[in-house]
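Enquirer: File follows, my_file-v4.txt with compact mmCIF, C-alpha atoms:
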# COMPACT_ATOMS: atom_id res chain seq x y z
CA MET A 1 -23.83 -10.13 -24.03
CA GLY A 2 -25.11 -8.29 -20.97
CA PHE A 3 -23.21 -5.64 -19.05
CA LYS A 4 -24.32 -4.61 -15.60
CA THR A 5 -23.58 -1.33 -13.82
CA GLY A 6 -24.37 -1.02 -10.13
CA ILE A 7 -25.62 2.36 -8.88
CA VAL A 8 -24.23 2.98 -5.40
CA GLY A 9 -24.09 5.88 -2.97
CA LEU A 10 -24.66 6.99 0.58
CA PRO A 11 -28.29 7.50 1.69
CA ASN A 12 -30.06 10.67 0.46
CA VAL A 13 -27.73 11.45 -2.44
CA GLY A 14 -30.39 11.02 -5.17
CA LYS A 15 -29.45 7.47 -6.13
CA SER A 16 -32.94 6.00 -6.20
CA THR A 17 -34.36 9.11 -7.89
CA LEU A 18 -31.83 8.58 -10.64
CA PHE A 19 -32.61 4.88 -10.94
CA ASN A 20 -36.35 5.60 -11.08
CA ALA A 21 -35.71 8.04 -13.93
CA LEU A 22 -33.66 5.40 -15.72
CA THR A 23 -36.36 2.75 -15.45
CA ARG A 24 -39.15 5.14 -16.47
CA THR A 25 -37.08 6.15 -19.48
CA ALA A 26 -36.61 2.48 -20.30
CA ALA A 27 -40.35 1.85 -20.03
CA ALA A 28 -40.94 4.68 -22.50
CA GLN A 29 -38.47 3.04 -24.89
CA ALA A 30 -40.28 -0.29 -24.72
CA ALA A 31 -41.89 0.27 -28.13
CA ASN A 32 -38.44 0.15 -29.71
CA PHE A 33 -36.78 -2.73 -27.86
CA PRO A 34 -37.70 -5.51 -25.44
CA PHE A 35 -37.70 -4.05 -21.93
CA CYS A 36 -38.07 -5.88 -18.70
CA THR A 37 -37.60 -5.13 -15.05
CA ILE A 38 -35.81 -8.28 -13.98
CA GLU A 39 -36.28 -7.44 -10.30
CA PRO A 40 -37.69 -4.33 -8.58
CA ASN A 41 -34.19 -2.84 -8.48
CA VAL A 42 -32.93 -3.94 -11.91
CA GLY A 43 -33.72 -2.34 -15.25
CA GLU A 44 -32.42 -2.32 -18.80
CA VAL A 45 -32.00 0.84 -20.86
CA ALA A 46 -31.06 1.54 -24.46
CA VAL A 47 -27.57 2.83 -25.20
CA PRO A 48 -28.19 6.11 -27.09
CA ASP A 49 -26.63 6.00 -30.55
CA ALA A 50 -27.83 8.35 -33.30
CA ARG A 51 -26.02 6.22 -35.89
CA LEU A 52 -28.56 3.44 -35.51
CA ASP A 53 -31.46 5.73 -36.47
CA THR A 54 -29.50 6.98 -39.49
CA LEU A 55 -28.74 3.45 -40.70
CA ALA A 56 -32.35 2.35 -40.19
CA ARG A 57 -33.62 5.31 -42.18
CA ILE A 58 -31.27 4.58 -45.09
CA ALA A 59 -32.14 0.85 -45.12
CA GLY A 60 -35.86 1.39 -44.51
CA SER A 61 -35.76 -0.96 -41.52
CA LYS A 62 -39.13 -1.65 -39.95
CA ALA A 63 -37.77 -2.13 -36.42
CA ILE A 64 -34.93 -0.49 -34.50
CA ILE A 65 -33.26 -2.45 -31.70
CA PRO A 66 -30.57 -0.56 -29.76
CA ALA A 67 -27.82 -2.05 -27.64
CA ARG A 68 -28.75 -2.30 -23.95
CA MET A 69 -27.16 -1.89 -20.56
CA THR A 70 -28.43 -3.16 -17.24
CA PHE A 71 -28.47 -0.89 -14.20
CA VAL A 72 -28.87 -2.16 -10.66
CA ASP A 73 -30.06 0.08 -7.83
CA ILE A 74 -27.94 -1.15 -4.92
CA ALA A 75 -29.15 -0.32 -1.39
CA GLY A 76 -27.61 2.79 0.18
CA LEU A 77 -24.21 2.23 1.73
CA VAL A 78 -23.30 3.35 5.22
CA LYS A 79 -19.94 3.54 6.95
CA GLY A 80 -19.16 0.11 8.37
CA ALA A 81 -20.81 -1.89 5.56
CA SER A 82 -17.72 -4.07 5.34
CA LYS A 83 -18.42 -5.03 8.99
CA GLY A 84 -22.08 -5.74 8.31
CA GLU A 85 -23.57 -2.30 9.04
CA GLY A 86 -26.73 -1.48 7.08
CA LEU A 87 -27.28 -4.22 4.51
CA GLY A 88 -23.58 -4.95 4.77
CA ASN A 89 -22.74 -8.21 3.06
CA GLN A 90 -25.78 -8.06 0.77
CA PHE A 91 -24.63 -4.66 -0.50
CA LEU A 92 -21.14 -5.99 -1.18
CA ALA A 93 -22.46 -9.14 -2.89
CA ASN A 94 -24.61 -7.04 -5.22
CA ILE A 95 -21.59 -4.96 -6.25
CA ARG A 96 -19.53 -8.08 -6.85
CA GLU A 97 -22.03 -9.18 -9.50
CA CYS A 98 -21.67 -5.93 -11.48
CA ASP A 99 -19.18 -5.08 -14.23
CA ALA A 100 -18.82 -1.43 -13.21
CA ILE A 101 -19.89 0.93 -10.44
CA ALA A 102 -21.76 4.21 -10.93
CA HIS A 103 -21.12 6.12 -7.73
CA VAL A 104 -23.77 8.81 -7.18
CA LEU A 105 -22.33 11.70 -5.18
CA ARG A 106 -24.30 14.50 -3.61
CA CYS A 107 -23.07 17.75 -5.13
CA PHE A 108 -26.03 19.92 -4.15
CA GLU A 109 -26.86 22.01 -1.07
CA ASP A 110 -30.33 21.53 0.41
CA ASP A 111 -31.11 21.99 4.09
CA ASP A 112 -34.31 19.98 3.66
CA VAL A 113 -32.38 16.85 2.63
CA THR A 114 -30.32 15.48 5.50
CA HIS A 115 -26.84 14.18 4.72
CA VAL A 116 -25.95 11.03 6.63
CA GLU A 117 -22.64 12.63 7.72
CA GLY A 118 -24.18 16.06 8.40
CA ARG A 119 -22.20 17.82 5.66
CA VAL A 120 -21.88 18.03 1.86
CA ASN A 121 -18.48 16.82 0.72
CA PRO A 122 -18.67 14.45 -2.27
CA VAL A 123 -14.93 13.75 -2.32
CA GLU A 124 -15.11 12.48 1.28
CA ASP A 125 -18.26 10.51 0.41
CA ALA A 126 -16.37 8.83 -2.42
CA ALA A 127 -13.54 8.01 -0.02
CA THR A 128 -16.04 6.49 2.46
CA ILE A 129 -17.36 4.02 -0.10
CA GLU A 130 -13.91 3.27 -1.51
CA THR A 131 -12.63 2.56 2.00
CA GLU A 132 -15.47 0.12 2.72
CA LEU A 133 -14.82 -1.72 -0.54
CA MET A 134 -11.07 -1.85 0.13
CA ILE A 135 -11.59 -3.27 3.63
CA ALA A 136 -13.97 -5.90 2.24
CA ASP A 137 -11.44 -6.84 -0.46
CA MET A 138 -8.62 -7.18 2.05
CA GLU A 139 -10.66 -9.48 4.27
CA SER A 140 -11.77 -11.53 1.27
CA ILE A 141 -8.21 -11.86 -0.06
CA GLU A 142 -6.81 -12.98 3.30
CA LYS A 143 -9.42 -15.73 3.54
CA ARG A 144 -8.80 -16.85 -0.03
CA LEU A 145 -5.04 -16.99 0.48
CA GLN A 146 -5.54 -19.26 3.49
CA ASN A 147 -7.79 -21.57 1.45
CA LEU A 148 -5.23 -21.74 -1.38
CA THR A 149 -2.30 -22.82 0.81
CA ARG A 150 -2.71 -26.56 0.35
CA LYS A 151 -3.21 -26.36 -3.43
CA VAL A 152 -0.20 -24.05 -3.82
CA ARG A 153 1.98 -26.51 -1.90
CA GLY A 154 0.76 -29.25 -4.21
CA GLY A 155 1.89 -27.27 -7.25
CA ASP A 156 -1.58 -26.53 -8.67
CA LYS A 157 -0.89 -24.04 -11.49
CA GLU A 158 -4.21 -22.20 -11.19
CA ALA A 159 -3.78 -21.88 -7.44
CA VAL A 160 -0.23 -20.54 -7.86
CA GLN A 161 -1.51 -17.95 -10.36
CA GLN A 162 -4.40 -16.94 -8.07
CA GLU A 163 -2.05 -16.59 -5.10
CA ARG A 164 0.29 -14.35 -7.08
CA LEU A 165 -2.54 -12.09 -8.25
CA LEU A 166 -4.21 -11.94 -4.83
CA LYS A 167 -0.91 -10.98 -3.20
CA ALA A 168 -0.41 -8.21 -5.79
CA ALA A 169 -3.90 -6.89 -5.03
CA LEU A 170 -3.34 -7.11 -1.27
CA ALA A 171 -0.07 -5.18 -1.55
CA ALA A 172 -1.86 -2.38 -3.39
CA LEU A 173 -4.69 -2.30 -0.86
CA GLU A 174 -2.28 -2.16 2.07
CA GLU A 175 -0.72 0.88 0.42
CA GLY A 176 -4.16 2.52 0.29
CA ARG A 177 -4.68 1.87 -3.43
CA PRO A 178 -7.68 0.06 -4.97
CA ALA A 179 -7.09 -3.19 -6.85
CA ARG A 180 -7.82 -1.49 -10.19
CA THR A 181 -4.42 0.22 -9.93
CA VAL A 182 -2.61 -3.14 -10.23
CA GLU A 183 -1.01 -3.69 -13.65
CA VAL A 184 -2.19 -7.03 -15.01
CA ASP A 185 -0.59 -8.85 -17.97
CA ASP A 186 -2.77 -10.12 -20.81
CA GLU A 187 -2.13 -13.75 -19.87
CA ASP A 188 -3.39 -13.04 -16.34
CA ARG A 189 -6.43 -10.97 -17.35
CA LYS A 190 -9.00 -13.77 -17.33
CA ALA A 191 -7.84 -15.11 -13.95
CA TRP A 192 -7.77 -11.55 -12.56
CA ASP A 193 -11.34 -10.84 -13.68
CA MET A 194 -12.50 -14.10 -12.11
CA LEU A 195 -11.28 -12.87 -8.71
CA GLN A 196 -14.18 -10.37 -8.78
CA LEU A 197 -12.49 -7.94 -6.42
CA LEU A 198 -14.76 -5.03 -5.54
CA THR A 199 -12.10 -2.37 -6.03
CA SER A 200 -10.98 -3.79 -9.38
CA LYS A 201 -14.21 -2.60 -11.01
CA PRO A 202 -14.15 0.60 -13.06
CA ILE A 203 -15.80 3.61 -11.42
CA LEU A 204 -18.10 6.26 -12.90
CA CYS A 205 -18.62 9.22 -10.55
CA VAL A 206 -22.11 10.68 -11.06
CA CYS A 207 -22.24 14.23 -9.71
CA ASN A 208 -25.83 14.94 -8.71
CA VAL A 209 -26.27 18.72 -8.81
CA SER A 210 -29.27 21.03 -8.40
CA GLU A 211 -31.52 21.85 -11.37
CA GLU A 212 -29.99 25.32 -11.65
CA GLU A 213 -26.46 23.94 -11.94
CA ALA A 214 -27.12 21.07 -14.35
CA ALA A 215 -25.57 22.89 -17.32
CA THR A 216 -22.57 24.36 -15.52
CA GLY A 217 -21.81 22.11 -12.56
CA ASN A 218 -20.45 23.66 -9.35
CA ASP A 219 -17.43 23.61 -7.07
CA HIS A 220 -18.43 20.24 -5.63
CA SER A 221 -18.73 18.57 -9.06
CA ARG A 222 -15.47 20.13 -10.22
CA ALA A 223 -13.71 18.72 -7.16
CA VAL A 224 -15.12 15.27 -8.02
CA GLU A 225 -14.02 15.59 -11.65
CA LYS A 226 -10.50 16.45 -10.48
CA MET A 227 -10.47 13.45 -8.11
CA ALA A 228 -11.79 11.13 -10.83
CA ALA A 229 -9.13 12.27 -13.31
CA GLU A 230 -6.39 11.63 -10.74
CA GLN A 231 -7.74 8.13 -10.06
CA GLY A 232 -8.30 7.15 -13.69
CA ALA A 233 -12.08 7.10 -13.19
CA ALA A 234 -14.78 8.86 -15.24
CA ALA A 235 -17.24 11.54 -14.12
CA VAL A 236 -20.50 13.03 -15.40
CA VAL A 237 -22.61 15.90 -14.08
CA ILE A 238 -26.32 15.22 -13.83
CA SER A 239 -29.42 16.49 -12.02
CA ALA A 240 -31.51 13.56 -10.82
CA LYS A 241 -34.52 15.86 -10.38
CA ILE A 242 -34.33 17.01 -14.00
CA GLU A 243 -33.93 13.45 -15.24
CA GLU A 244 -36.98 12.38 -13.25
CA GLU A 245 -39.03 15.16 -14.88
CA ILE A 246 -37.72 14.33 -18.36
CA SER A 247 -38.57 10.66 -17.92
CA GLN A 248 -42.27 11.62 -17.74
CA LEU A 249 -42.25 13.66 -20.97
CA ASP A 250 -42.45 12.56 -24.59
CA ARG A 251 -39.48 13.16 -26.87
CA GLU A 252 -40.59 16.56 -28.22
CA GLU A 253 -41.51 17.88 -24.78
CA ALA A 254 -38.20 16.64 -23.38
CA GLU A 255 -36.23 18.40 -26.13
CA VAL A 256 -38.00 21.71 -25.43
CA PHE A 257 -37.46 21.30 -21.68
CA LEU A 258 -33.74 20.58 -22.13
CA GLU A 259 -33.34 23.56 -24.46
CA GLU A 260 -34.93 25.85 -21.87
CA LEU A 261 -32.38 24.61 -19.34
CA GLY A 262 -29.47 25.13 -21.73
CA LEU A 263 -28.77 21.40 -22.03
CA LYS A 264 -27.97 19.65 -25.32
CA GLU A 265 -29.02 16.18 -24.19
CA ALA A 266 -30.38 14.33 -21.19
CA GLY A 267 -27.88 13.59 -18.46
CA LEU A 268 -28.96 9.96 -18.48
CA ASP A 269 -27.82 9.64 -22.09
CA ARG A 270 -24.38 10.92 -21.09
CA MET A 271 -24.33 8.63 -18.07
CA ILE A 272 -25.23 5.54 -20.10
CA ARG A 273 -22.69 6.38 -22.79
CA ALA A 274 -20.00 7.06 -20.18
CA GLY A 275 -20.71 3.67 -18.59
CA TYR A 276 -20.45 2.04 -22.00
CA GLU A 277 -17.08 3.68 -22.67
CA LEU A 278 -15.86 2.97 -19.14
CA LEU A 279 -16.30 -0.74 -19.74
CA GLY A 280 -14.31 -0.57 -22.98
CA LEU A 281 -17.31 -1.46 -25.11
CA GLN A 282 -18.18 -0.64 -28.69
CA THR A 283 -21.01 -1.24 -31.15
CA TYR A 284 -21.42 -2.94 -34.47
CA PHE A 285 -24.61 -3.03 -36.52
CA THR A 286 -26.65 -5.52 -38.52
CA ILE A 287 -28.93 -3.73 -40.95
CA GLY A 288 -31.78 -5.02 -43.11
CA PRO A 289 -35.37 -4.29 -44.16
CA LYS A 290 -36.80 -6.13 -41.14
CA GLU A 291 -34.65 -4.56 -38.45
CA ALA A 292 -31.67 -2.37 -37.70
CA ARG A 293 -29.87 -3.64 -34.63
CA ALA A 294 -26.91 -2.58 -32.50
CA TRP A 295 -24.73 -5.24 -30.85
CA THR A 296 -22.38 -4.69 -27.94
CA ILE A 297 -18.86 -6.12 -27.94
CA ALA A 298 -15.60 -5.35 -26.15
CA LYS A 299 -13.08 -3.28 -28.07
CA GLY A 300 -10.65 -5.54 -29.92
CA THR A 301 -13.16 -8.39 -30.36
CA LEU A 302 -12.40 -10.54 -33.41
CA ALA A 303 -15.05 -11.18 -36.07
CA PRO A 304 -15.94 -14.79 -35.08
CA GLN A 305 -16.51 -13.79 -31.44
CA ALA A 306 -18.53 -10.77 -32.56
CA ALA A 307 -20.69 -13.15 -34.61
CA GLY A 308 -21.08 -15.33 -31.53
CA VAL A 309 -22.85 -12.49 -29.74
CA ILE A 310 -25.75 -13.05 -32.14
CA HIS A 311 -25.67 -16.85 -31.96
CA GLY A 312 -23.12 -19.49 -31.01
CA ASP A 313 -23.57 -21.20 -34.41
CA PHE A 314 -22.35 -18.03 -36.13
CA GLU A 315 -19.06 -18.26 -34.25
CA ARG A 316 -18.60 -22.02 -34.59
CA GLY A 317 -19.25 -22.04 -38.34
CA PHE A 318 -17.77 -18.62 -39.14
CA ILE A 319 -16.57 -18.22 -42.74
CA ARG A 320 -16.21 -14.47 -43.19
CA ALA A 321 -17.80 -11.11 -42.37
CA GLU A 322 -18.98 -8.82 -45.13
CA THR A 323 -18.03 -5.45 -43.68
CA ILE A 324 -18.96 -1.85 -44.45
CA GLY A 325 -17.75 1.06 -42.32
CA TYR A 326 -20.50 3.32 -40.94
CA GLU A 327 -19.32 6.37 -42.86
CA ASP A 328 -19.15 4.40 -46.11
CA PHE A 329 -22.64 2.95 -45.59
CA VAL A 330 -24.05 6.45 -45.12
CA ALA A 331 -22.05 8.11 -47.91
CA CYS A 332 -22.98 5.39 -50.41
CA GLY A 333 -26.67 5.39 -49.48
CA GLY A 334 -26.77 1.85 -48.14
CA GLU A 335 -25.45 -1.65 -48.72
CA GLN A 336 -25.87 -1.84 -52.51
CA GLY A 337 -24.29 1.56 -53.02
CA ALA A 338 -21.35 0.52 -50.83
CA LYS A 339 -20.93 -2.69 -52.86
CA ASP A 340 -21.01 -0.78 -56.14
CA ALA A 341 -18.40 1.67 -54.84
CA GLY A 342 -16.12 -1.15 -53.72
CA LYS A 343 -16.54 -0.22 -50.05
CA MET A 344 -17.66 -3.65 -48.86
CA ARG A 345 -14.80 -5.79 -47.56
CA ALA A 346 -14.59 -9.53 -46.88
CA GLU A 347 -12.91 -9.94 -43.47
CA GLY A 348 -11.70 -13.23 -42.00
CA LYS A 349 -11.17 -14.74 -38.55
CA GLY A 350 -8.32 -12.39 -37.61
CA TYR A 351 -10.28 -9.18 -38.19
CA ALA A 352 -10.79 -6.98 -35.11
CA VAL A 353 -14.23 -5.42 -35.48
CA LYS A 354 -14.26 -1.62 -35.44
CA ASP A 355 -16.81 0.59 -33.74
CA GLY A 356 -19.63 1.37 -36.16
CA ASP A 357 -18.98 -1.50 -38.58
CA VAL A 358 -22.04 -2.76 -40.46
CA LEU A 359 -21.60 -6.54 -40.64
CA HIS A 360 -23.18 -9.49 -42.42
CA PHE A 361 -21.84 -12.87 -41.32
CA LEU A 362 -21.48 -15.93 -43.53
CA PHE A 363 -21.21 -19.24 -41.69
CA ASN A 364 -21.65 -22.99 -42.05
CA ALA A 365 -24.66 -24.27 -40.12
Step by step, read the file and then write its structure as structure tokens.

Expert:
Amino acid sequence: MGFKTGIVGLPNVGKSTLFNALTRTAAAQAANFPFCTIEPNVGEVAVPDARLDTLARIAGSKAIIPARMTFVDIAGLVKGASKGEGLGNQFLANIRECDAIAHVLRCFEDDDVTHVEGRVNPVEDAATIETELMIADMESIEKRLQNLTRKVRGGDKEAVQQERLLKAALAALEEGRPARTVEVDDEDRKAWDMLQLLTSKPILCVCNVSEEEAATGNDHSRAVEKMAAEQGAAAVVISAKIEEEISQLDREEAEVFLEELGLKEAGLDRMIRAGYELLGLQTYFTIGPKEARAWTIAKGTLAPQAAGVIHGDFERGFIRAETIGYEDFVACGGEQGAKDAGKMRAEGKGYAVKDGDVLHFLFNA
């Protein structure tokens, strides 16, 4: 179950520096999980989760396999992209394929690094990209509505539903609001997601600050955080330069370096975790002597569908899930201790998996 976050931003905001740090970090993690660079601008990274290490230690697992997220370095946007400026349509197509957008915003002052607009104002930069995406969505919706006319007249139920949702999105966009602000009913959610509107995707604002301000942020990053809160988006403060340096150090060296800077953890870890939360994802674990593994599912996923993430046969032949909560697994010293203490539960098809559950699935082959 792959989840893809596109890294976007205006030129010279530190976007590629950040992506390079991500991919180097991923390469360093390759001993622990299968890593591949799918294309030059695509990389997978582990989702940091200290619980997995704890569970592996208790179970004596030989291998540790974390959950993963895919990040895509999307070419720098310029004003007019919706009209084909810069990479234009290619840029927009790449975003459409992503589940979320990490918008890197320049929140540092540096006369040696030219800003494409000749000033440092991350809130206006965010508005520039949002505007381009809104314009592209409006043009796309108008074309789609024209193409749906005949089917709607013929009473095609799917077409009628699409038309209703597209018109709701267009109304929001014409009011200057992104499509993500439209309230969508549960029965419309699947059809809404299939529209793949650019402005319906969740946004993570990544405030790229100087090395000196990585621990505290600055006025620029605080302005972005305020904007993000008002828009229902998320925000993290990070220094791309620091992350690039950390990506070239081993774990012990990195910990010392972070401590010297007054940082508790790498900014990339916070960024990855924020992206994970932004997408409404959670983790369950399968633990054994061979491997301890984290699996990614959406919050609210039922047990059979969670089993299907491992293999389709697990979902089709699902019988039950032997379930131990993370805290119980740790407190009882592992699976056997949890069984002896009566902390293992047998959950059926209607069970919504909880974050941190340790699961063992029983199924008919």

Enquirer: Quick one: distance from atom CA of A:Gly348 to atom CA of A:Leu302 in Å, one decimal?

Expert: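 Pair atom CA of A:Gly348 / atom CA of A:Leu302 returns 9.0 Å.
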
Enquirer: Counting only C-alpha atoms, give me one row per residue of stretch 146-215 of chain A with an atom at most 8 Å from an atom of stretch 129-135 of chain A, showing the shortest contact pair and its distance in Å to one decimal, sorted by chain then residue number, as a Markdown table.

Expert:
| residue | atom | partner | partner_atom | distance |
| --- | --- | --- | --- | --- |
| A:Leu173 | CA | A:Met134 | CA | 6.5 |
| A:Pro178 | CA | A:Met134 | CA | 6.4 |
| A:Leu198 | CA | A:Leu133 | CA | 6.0 |
| A:Thr199 | CA | A:Leu133 | CA | 6.2 |

Enquirer: Using all atoms listed in the file, I'd like a table of the residues in stretch 220-277 of chain A that come within 12 Å of stretch 100-109 of chain A; for each, show the closest atom pair and its distance in Å rounded to one decimal, ordered by chain and ascending number, as a tab-separated table.

Expert:
residue	atom	partner	partner_atom	distance
A:His220	CA	A:Cys107	CA	5.3
A:Ser221	CA	A:Cys107	CA	5.9
A:Arg222	CA	A:Cys107	CA	9.5
A:Ala223	CA	A:Cys107	CA	9.6
A:Val224	CA	A:Leu105	CA	8.5
A:Glu225	CA	A:Leu105	CA	11.2
A:Ala228	CA	A:His103	CA	11.0
A:Ala233	CA	A:Ile101	CA	10.3
A:Ala234	CA	A:Ala102	CA	9.4
A:Ala235	CA	A:Ala102	CA	9.2
A:Val236	CA	A:Val104	CA	9.8
A:Val237	CA	A:Cys107	CA	9.2
A:Ile238	CA	A:Val104	CA	9.6
A:Ser239	CA	A:Phe108	CA	9.2
A:Ala240	CA	A:Val104	CA	9.8
A:Lys241	CA	A:Phe108	CA	11.3
A:Leu268	CA	A:Ala102	CA	11.9
A:Met271	CA	A:Ala102	CA	8.8
A:Ile272	CA	A:Ala102	CA	9.9
A:Ala274	CA	A:Ala102	CA	9.8
A:Gly275	CA	A:Ala100	CA	7.7
A:Tyr276	CA	A:Ala100	CA	9.6
A:Glu277	CA	A:Ala100	CA	10.9

Enquirer: Could you please take those selected residues and save C-alpha atoms as a JSON list (two decimals), keeping the file's coordinate frame?

Expert:
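The file below, again36.json, is the result:
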[["chain", "number", "residue", "atom", "x", "y", "z"],
["A", 220, "HIS", "CA", -18.43, 20.24, -5.63],
["A", 221, "SER", "CA", -18.73, 18.57, -9.06],
["A", 222, "ARG", "CA", -15.47, 20.13, -10.22],
["A", 223, "ALA", "CA", -13.71, 18.72, -7.16],
["A", 224, "VAL", "CA", -15.12, 15.27, -8.02],
["A", 225, "GLU", "CA", -14.02, 15.59, -11.65],
["A", 228, "ALA", "CA", -11.79, 11.13, -10.83],
["A", 233, "ALA", "CA", -12.08, 7.10, -13.19],
["A", 234, "ALA", "CA", -14.78, 8.86, -15.24],
["A", 235, "ALA", "CA", -17.24, 11.54, -14.12],
["A", 236, "VAL", "CA", -20.50, 13.03, -15.40],
["A", 237, "VAL", "CA", -22.61, 15.90, -14.08],
["A", 238, "ILE", "CA", -26.32, 15.22, -13.83],
["A", 239, "SER", "CA", -29.42, 16.49, -12.02],
["A", 240, "ALA", "CA", -31.51, 13.56, -10.82],
["A", 241, "LYS", "CA", -34.52, 15.86, -10.38],
["A", 268, "LEU", "CA", -28.96, 9.96, -18.48],
["A", 271, "MET", "CA", -24.33, 8.63, -18.07],
["A", 272, "ILE", "CA", -25.23, 5.54, -20.10],
["A", 274, "ALA", "CA", -20.00, 7.06, -20.18],
["A", 275, "GLY", "CA", -20.71, 3.67, -18.59],
["A", 276, "TYR", "CA", -20.45, 2.04, -22.00],
["A", 277, "GLU", "CA", -17.08, 3.68, -22.67]]

Enquirer: Can you tell me, as a list in words, what residues are no more than 10 Å from stretch 312-321 of chain A when counting all atoms listed in the file, ignoring any on the same chain fewer than 2 positions away?

Expert: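 My list of contacting residues is Ala303, Pro304, Gln305, Ala306, Ala307, Gly308, Val309, Ile310, Thr323, Ile324, Met344, Arg345, Ala346, Glu347, Gly348, Lys349, Gly350, Tyr351, Val353, Val358, Leu359, His360, Phe361, Leu362, Phe363, Asn364 and Ala365 of chain A.
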
Enquirer: What lies within 8 Å of stretch 290-293 of chain A using only C-alpha atoms, ignoring chain neighbours under 4 positions off, as an MDAnalysis selection string?

Expert: chainID A and resid 52 55:56 61:67 285:286

Enquirer: Could you state the separation of atom CA of A:Glu230 and atom CA of A:Thr128 in Å, given to one decimal place?

Expert: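 Computing it gives 17.1 Å between the two atoms.
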
Enquirer: Rounded to one decimal place, report the atom CA of A:Gly9-atom CA of A:Val206 distance in Å.

Expert: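 According to the coordinates, atom CA of A:Gly9 and atom CA of A:Val206 are separated by 9.6 Å.
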
Enquirer: Can you work out which one of A:Leu279, A:Leu258, A:Leu10, A:Ala127 has the shortest atom-to-atom distance to A:Gly176, counting only C-alpha atoms?

Expert: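 Comparing A:Leu279, A:Leu258, A:Leu10, A:Ala127 against A:Gly176, the winner is A:Ala127.
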
Enquirer: Given the choices A:Cys207, A:Ala191, A:Ile58, A:Ala352, which gets closest to A:Gly337 if the distance is worked out from only C-alpha atoms?

Expert: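 Smallest separation from A:Gly337 among the options: A:Ile58.
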
Enquirer: Which polymer residues have any atom within 9 Å of an atom of A:Ile74, counting only C-alpha atoms, with same-chain residues fewer than 6 positions away left out, as a list of chain:residue names?

Expert: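 After dropping sequence-adjacent residues, the list is A:Gly6, A:Ile7, A:Val8, A:Gly9, A:Lys15, A:Ser16, A:Asn41, A:Phe91, A:Asn94, A:Ile95.
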
Enquirer: Would you please work out which residue, of A:Glu97, A:Glu44, A:Asp49, A:Glu259, is nearest to A:Met69 when using all atoms listed in the file?

Expert: A:Glu44

Enquirer: Measuring between all atoms listed in the file, which one of A:Glu142, A:Glu174, A:Glu244, A:Glu124 shows the shortest distance to A:Gly14?

Expert: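 Using all atoms listed in the file, A:Gly14 sits closest to A:Glu244.
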